[in-house]
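Asks: This structure is in structure tokens; I'll ask about it shortly.
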Amino acid sequence: MKGNSFFYCLGQGFKGIKRNKVFFLASVATIAACVFMVGLLLSIILNVTHIIEEAQDSVCITVFFEEDQTESNIQDLGDRIKQWDEVAYIEYTSADEAWETFKKEYFASNPELAEGFANDNPLATSASYSIYLTDISYQSKVAERLDSMPEIRQVNKSDVTASALSDFGKIAGIVSLAIIIVLLAVSIFLISNTITTGITVRSEEIKIMKYVGATDFFVKSPFVFEGIIIGLIGAVIPLIILFFIYKSAISYVVGQLQTFASAFSLIPMGSLFALLIIVSLVLGMGIGFVGSIIATNKYIKV
Amino acid sequence: MIRLENVTKTYGENKNALDNVSLHIYPGEFVFIVGDSGAGKSTLFKLLIKELEPSSGEIIINGQPLVRMRRRKIPMLRRNIGVVFQDFRLLKDRNVFDNIAFAQRAIGISSDREIQKNVSDVLKLVKISNKYKSLPDQLSGGEKQRVALARALVNKPKILLADEPTGNLDPGNSQIIMGILEEVNRRGTTVVVVTHNHEIVRQMNKRVINLKNGVIVNDIQEGGLAR
């Protein structure tokens, strides 16, 4: 396509929008609704996944050592555990550190009560390793292995938390995927109908173009440009709405749910929207492009 | 220029719209195709612009066989055939100039200056230059048909096909349209007019091909009606 013809077709795309305002508004609304739903769902899924991952990261197995274990034994044990594929990293808490933490938590308002234990750490046998796993589903297997080690006196784990988080993550993923597929199918059906209705009105124009010897490419171009423009606008509107909704959600979580905010956090605005912008634009413009091609094909065989 | 060899077009079961039709139209001829409703005129018209495929037979236009012609070659074929319809088929949201310029854009002419010159020339030919800014709804039937003619002629086709071009016009406007078609023919374009307006056919005294039930019943050469 020559430069002039390109701009002519682009111009015709804009003129087409101007001439068919009702069709334009209906198409933009349909695409915007579809992109909004997908964007909203995607934001929810990504955040749920993010929260689960954060929760999984914070779940660990705590092991306490037999009383006869020396510091070098404990160090050696830690080095061996670190080598396991299922282990992401481990943290050592000495008996003194454990006592300090305990004091801060339970004797903060009555520090004089803790002074009675000044020279006698009641948690002397409470040095421990906190073992964080690469995947929470390994917890039972790793705990079993740790339990069989002679240096270890006690293994603390939370089976319920581990399996619940793991299962919830899987279910959330499957349900979200199913909803997105249904949503896309419904949207494509609605959009192809809307675009077909719009193009039916202009079937005469397409016929005349064909009678005077226009190529299929030339006939389709203005409609395709129009579809892409509609898709672009239909993607930008829900992005703006989602931006403000998400901004409010973050403020709400930080402001109103302070208790929970320390337990989980939402994905930062920048990271989420870097993905949402790409997904929305590709989805909106893709639907506009494919929809216009499908709809023009119905009338181009003159 | 236009050759049909044993062309048959069947719709549905055993309903022959055209039955074994053969005809030859030479370059520079002016030909009327006449017949009652259902005679096969419209089918013949659609076959010539390759809107329909014949059930059997061969159609050759400007040396190109239309049967089994590749889809991508159809635009080139149509650029050499101007088409005019009874109902004008103008784009109502564009003025006269844009309705005609649109045909130039459609064949890939991108120079505004060239388009302006070609449209201006063809508007003079159909004698409607003063209405170039008018919208179709602001024109009379005769004027609309002149704009449709201008659109068909602006790409300088070798053949002009007109389907009942005076069907919606009064006798005065019909005369004007026929006068323009005659002028176009004088300038070298082959003109084929499908009509059932016997008065016009008689007055023009050109070659007349008479169709009845999908068959050519007679083919009267130019001047034959006067004898």
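Residue numbers start at 1 in each chain; chains themselves are named A, B, ... in the order of the structure tokens; ligands are numbered from 1 in the order shown.
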With the cut-off set at 10 Å and counting only C-alpha atoms, tabulate each residue of chain A with an atom at most that distance from an atom of chain B, showing the nearest atom pair and its distance in Å to one decimal, ordered by chain and increasing number, as a Markdown table.
Replies:
```
| residue | atom | partner | partner_atom | distance |
| --- | --- | --- | --- | --- |
| A:Met1 | CA | B:Gly108 | CA | 8.6 |
| A:Lys2 | CA | B:Ser110 | CA | 7.8 |
| A:Gly3 | CA | B:Ser110 | CA | 8.5 |
| A:Asn4 | CA | B:Ser110 | CA | 5.6 |
| A:Ser5 | CA | B:Ser110 | CA | 5.8 |
| A:Phe6 | CA | B:Ser110 | CA | 9.4 |
| A:Phe7 | CA | B:Ser110 | CA | 9.8 |
| A:Tyr8 | CA | B:Arg105 | CA | 8.2 |
| A:Cys9 | CA | B:Arg105 | CA | 9.4 |
| A:Arg19 | CA | B:Asp93 | CA | 7.8 |
| A:Arg202 | CA | B:Leu91 | CA | 9.5 |
| A:Glu204 | CA | B:Arg89 | CA | 7.6 |
| A:Glu205 | CA | B:Leu91 | CA | 6.8 |
| A:Lys207 | CA | B:Arg89 | CA | 9.5 |
| A:Ile208 | CA | B:Arg89 | CA | 7.5 |
| A:Met209 | CA | B:Ala106 | CA | 6.3 |
| A:Lys210 | CA | B:Pro75 | CA | 7.1 |
| A:Tyr211 | CA | B:Arg78 | CA | 6.4 |
| A:Val212 | CA | B:Arg79 | CA | 5.9 |
| A:Gly213 | CA | B:Pro75 | CA | 4.0 |
| A:Ala214 | CA | B:Ala106 | CA | 4.6 |
| A:Thr215 | CA | B:Pro75 | CA | 5.7 |
| A:Asp216 | CA | B:Arg72 | CA | 8.1 |
| A:Phe218 | CA | B:Ala106 | CA | 6.8 |
| A:Val219 | CA | B:Ala106 | CA | 7.8 |
| A:Lys301 | CA | B:Glu51 | CA | 8.6 |
| A:Val302 | CA | B:Glu51 | CA | 5.7 |
```
Asks: Report as JSON, numbers by chain: the residues of segment 51-116 of chain B with a DSSP assignment of helix (DSSP H, G or I), based on the backbone of this structure.
Replies: {"B": [71, 72, 73, 74, 75, 76, 77, 78, 96, 97, 98, 99, 100, 101, 102, 103, 104, 105, 106, 112, 113, 114, 115, 116]}
Asks: May I ask for the distance between atom CA of Ala150 of chain B and atom CA of Val122 of chain B, given in Å to one decimal place?
Replies: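 Pair atom CA of Ala150 of chain B / atom CA of Val122 of chain B returns 5.6 Å.
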Asks: Compile the contact shell of Asn20 of chain A as a ChimeraX atom specification: residues with an atom at most 12 Å away, counting only C-alpha atoms, same-chain residues fewer than 3 positions apart removed.
Replies: /A:12-17,23-27,195,197-202,223,226,230 /B:93
Asks: Give me the residues within 10 Å of Glu86 of chain A as a PyMOL selection string, counting only C-alpha atoms and dropping any in the same chain fewer than 5 places off.
Replies: chain A and resi 81+131-139+141-142
Asks: Store the residues picked out above, limited to N, CA and C atoms, as a PDB file, in the first residue's frame.
Replies:
```pdb
ATOM      1  N   ILE A  81      21.391 -29.724  55.156  1.00  0.00           N
ATOM      2  CA  ILE A  81      19.973 -29.445  54.809  1.00  0.00           C
ATOM      3  C   ILE A  81      19.891 -28.453  53.641  1.00  0.00           C
ATOM      4  N   ILE A 131      13.285 -23.685  58.272  1.00  0.00           N
ATOM      5  CA  ILE A 131      13.627 -24.170  56.922  1.00  0.00           C
ATOM      6  C   ILE A 131      12.514 -23.770  55.945  1.00  0.00           C
ATOM      7  N   TYR A 132      12.900 -22.948  54.963  1.00  0.00           N
ATOM      8  CA  TYR A 132      11.936 -22.471  53.959  1.00  0.00           C
ATOM      9  C   TYR A 132      12.103 -23.316  52.694  1.00  0.00           C
ATOM     10  N   LEU A 133      10.956 -23.717  52.128  1.00  0.00           N
ATOM     11  CA  LEU A 133      10.996 -24.655  51.000  1.00  0.00           C
ATOM     12  C   LEU A 133      10.786 -23.948  49.657  1.00  0.00           C
ATOM     13  N   THR A 134      11.250 -24.599  48.607  1.00  0.00           N
ATOM     14  CA  THR A 134      11.045 -24.022  47.256  1.00  0.00           C
ATOM     15  C   THR A 134       9.578 -24.122  46.871  1.00  0.00           C
ATOM     16  N   ASP A 135       8.896 -25.168  47.350  1.00  0.00           N
ATOM     17  CA  ASP A 135       7.458 -25.304  47.095  1.00  0.00           C
ATOM     18  C   ASP A 135       6.825 -25.917  48.339  1.00  0.00           C
ATOM     19  N   ILE A 136       5.690 -25.326  48.705  1.00  0.00           N
ATOM     20  CA  ILE A 136       5.064 -25.734  49.958  1.00  0.00           C
ATOM     21  C   ILE A 136       4.588 -27.188  49.962  1.00  0.00           C
ATOM     22  N   SER A 137       4.362 -27.733  48.770  1.00  0.00           N
ATOM     23  CA  SER A 137       3.875 -29.116  48.685  1.00  0.00           C
ATOM     24  C   SER A 137       4.921 -30.142  49.147  1.00  0.00           C
ATOM     25  N   TYR A 138       6.189 -29.712  49.284  1.00  0.00           N
ATOM     26  CA  TYR A 138       7.244 -30.633  49.729  1.00  0.00           C
ATOM     27  C   TYR A 138       7.256 -30.788  51.250  1.00  0.00           C
ATOM     28  N   GLN A 139       6.385 -30.036  51.935  1.00  0.00           N
ATOM     29  CA  GLN A 139       6.526 -29.941  53.386  1.00  0.00           C
ATOM     30  C   GLN A 139       6.521 -31.291  54.115  1.00  0.00           C
ATOM     31  N   LYS A 141       7.065 -34.334  53.013  1.00  0.00           N
ATOM     32  CA  LYS A 141       8.207 -35.162  52.638  1.00  0.00           C
ATOM     33  C   LYS A 141       9.482 -34.709  53.376  1.00  0.00           C
ATOM     34  N   VAL A 142       9.709 -33.394  53.386  1.00  0.00           N
ATOM     35  CA  VAL A 142      10.909 -32.840  54.020  1.00  0.00           C
ATOM     36  C   VAL A 142      10.838 -33.045  55.543  1.00  0.00           C
TER      37      VAL A 142
END
```
Asks: Mind checking DSSP for segment 26-222 of chain B and telling me the strand (DSSP E) residues as a PDB file with C-alpha atoms, in the first residue's frame?
Replies:
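selection.pdb, written as the output of this step:
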```pdb
ATOM      1  CA  PHE B  30     -23.451  -0.041 -28.717  1.00  0.00           C
ATOM      2  CA  VAL B  31     -25.723  -2.939 -27.823  1.00  0.00           C
ATOM      3  CA  PHE B  32     -29.121  -3.175 -26.143  1.00  0.00           C
ATOM      4  CA  ILE B  33     -30.104  -6.368 -24.382  1.00  0.00           C
ATOM      5  CA  VAL B  34     -33.861  -6.514 -24.059  1.00  0.00           C
ATOM      6  CA  SER B  56     -21.405 -24.284 -18.203  1.00  0.00           C
ATOM      7  CA  GLY B  57     -19.898 -22.527 -21.222  1.00  0.00           C
ATOM      8  CA  GLU B  58     -17.209 -19.936 -21.674  1.00  0.00           C
ATOM      9  CA  ILE B  59     -17.201 -16.136 -21.183  1.00  0.00           C
ATOM     10  CA  ILE B  60     -14.299 -14.105 -22.546  1.00  0.00           C
ATOM     11  CA  ILE B  61     -13.931 -10.361 -21.921  1.00  0.00           C
ATOM     12  CA  GLN B  64      -9.597 -12.971 -20.623  1.00  0.00           C
ATOM     13  CA  PRO B  65     -11.606 -16.130 -19.910  1.00  0.00           C
ATOM     14  CA  ILE B  81     -15.767  -2.493 -17.015  1.00  0.00           C
ATOM     15  CA  GLY B  82     -17.804   0.489 -15.848  1.00  0.00           C
ATOM     16  CA  VAL B  83     -21.103  -0.468 -14.233  1.00  0.00           C
ATOM     17  CA  VAL B  84     -24.319   1.559 -13.890  1.00  0.00           C
ATOM     18  CA  ILE B 159     -16.668  -1.460 -21.593  1.00  0.00           C
ATOM     19  CA  LEU B 160     -19.653   0.236 -19.979  1.00  0.00           C
ATOM     20  CA  LEU B 161     -22.456  -2.006 -18.709  1.00  0.00           C
ATOM     21  CA  ALA B 162     -25.710  -0.287 -17.772  1.00  0.00           C
ATOM     22  CA  ASP B 163     -28.542  -2.193 -16.100  1.00  0.00           C
ATOM     23  CA  THR B 190     -18.151  -0.379 -25.889  1.00  0.00           C
ATOM     24  CA  VAL B 191     -21.592   0.189 -24.366  1.00  0.00           C
ATOM     25  CA  VAL B 192     -24.002  -2.579 -23.331  1.00  0.00           C
ATOM     26  CA  VAL B 193     -27.398  -1.466 -22.025  1.00  0.00           C
ATOM     27  CA  VAL B 194     -29.843  -3.882 -20.431  1.00  0.00           C
ATOM     28  CA  THR B 195     -33.347  -2.420 -20.670  1.00  0.00           C
ATOM     29  CA  ARG B 207     -27.884  -3.435 -32.177  1.00  0.00           C
ATOM     30  CA  VAL B 208     -30.557  -5.230 -30.104  1.00  0.00           C
ATOM     31  CA  ILE B 209     -30.239  -8.682 -28.571  1.00  0.00           C
ATOM     32  CA  ASN B 210     -33.625 -10.015 -27.501  1.00  0.00           C
ATOM     33  CA  LEU B 211     -33.740 -12.587 -24.700  1.00  0.00           C
ATOM     34  CA  LYS B 212     -36.719 -14.768 -23.859  1.00  0.00           C
ATOM     35  CA  VAL B 215     -32.537 -17.884 -24.921  1.00  0.00           C
ATOM     36  CA  ILE B 216     -31.548 -15.293 -27.570  1.00  0.00           C
ATOM     37  CA  VAL B 217     -34.616 -15.105 -29.807  1.00  0.00           C
ATOM     38  CA  ASN B 218     -33.217 -12.477 -32.166  1.00  0.00           C
ATOM     39  CA  ASP B 219     -30.169 -10.279 -32.649  1.00  0.00           C
ATOM     40  CA  ILE B 220     -30.915  -7.165 -34.726  1.00  0.00           C
TER      41      ILE B 220
END
```
Asks: So which one's closest to Ala32 of chain A, A:Ser187, A:Ser265, A:Gln256, A:Gln56? Using only C-alpha atoms, please.
Replies: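 Comparing A:Ser187, A:Ser265, A:Gln256, A:Gln56 against Ala32 of chain A, the winner is A:Ser187.
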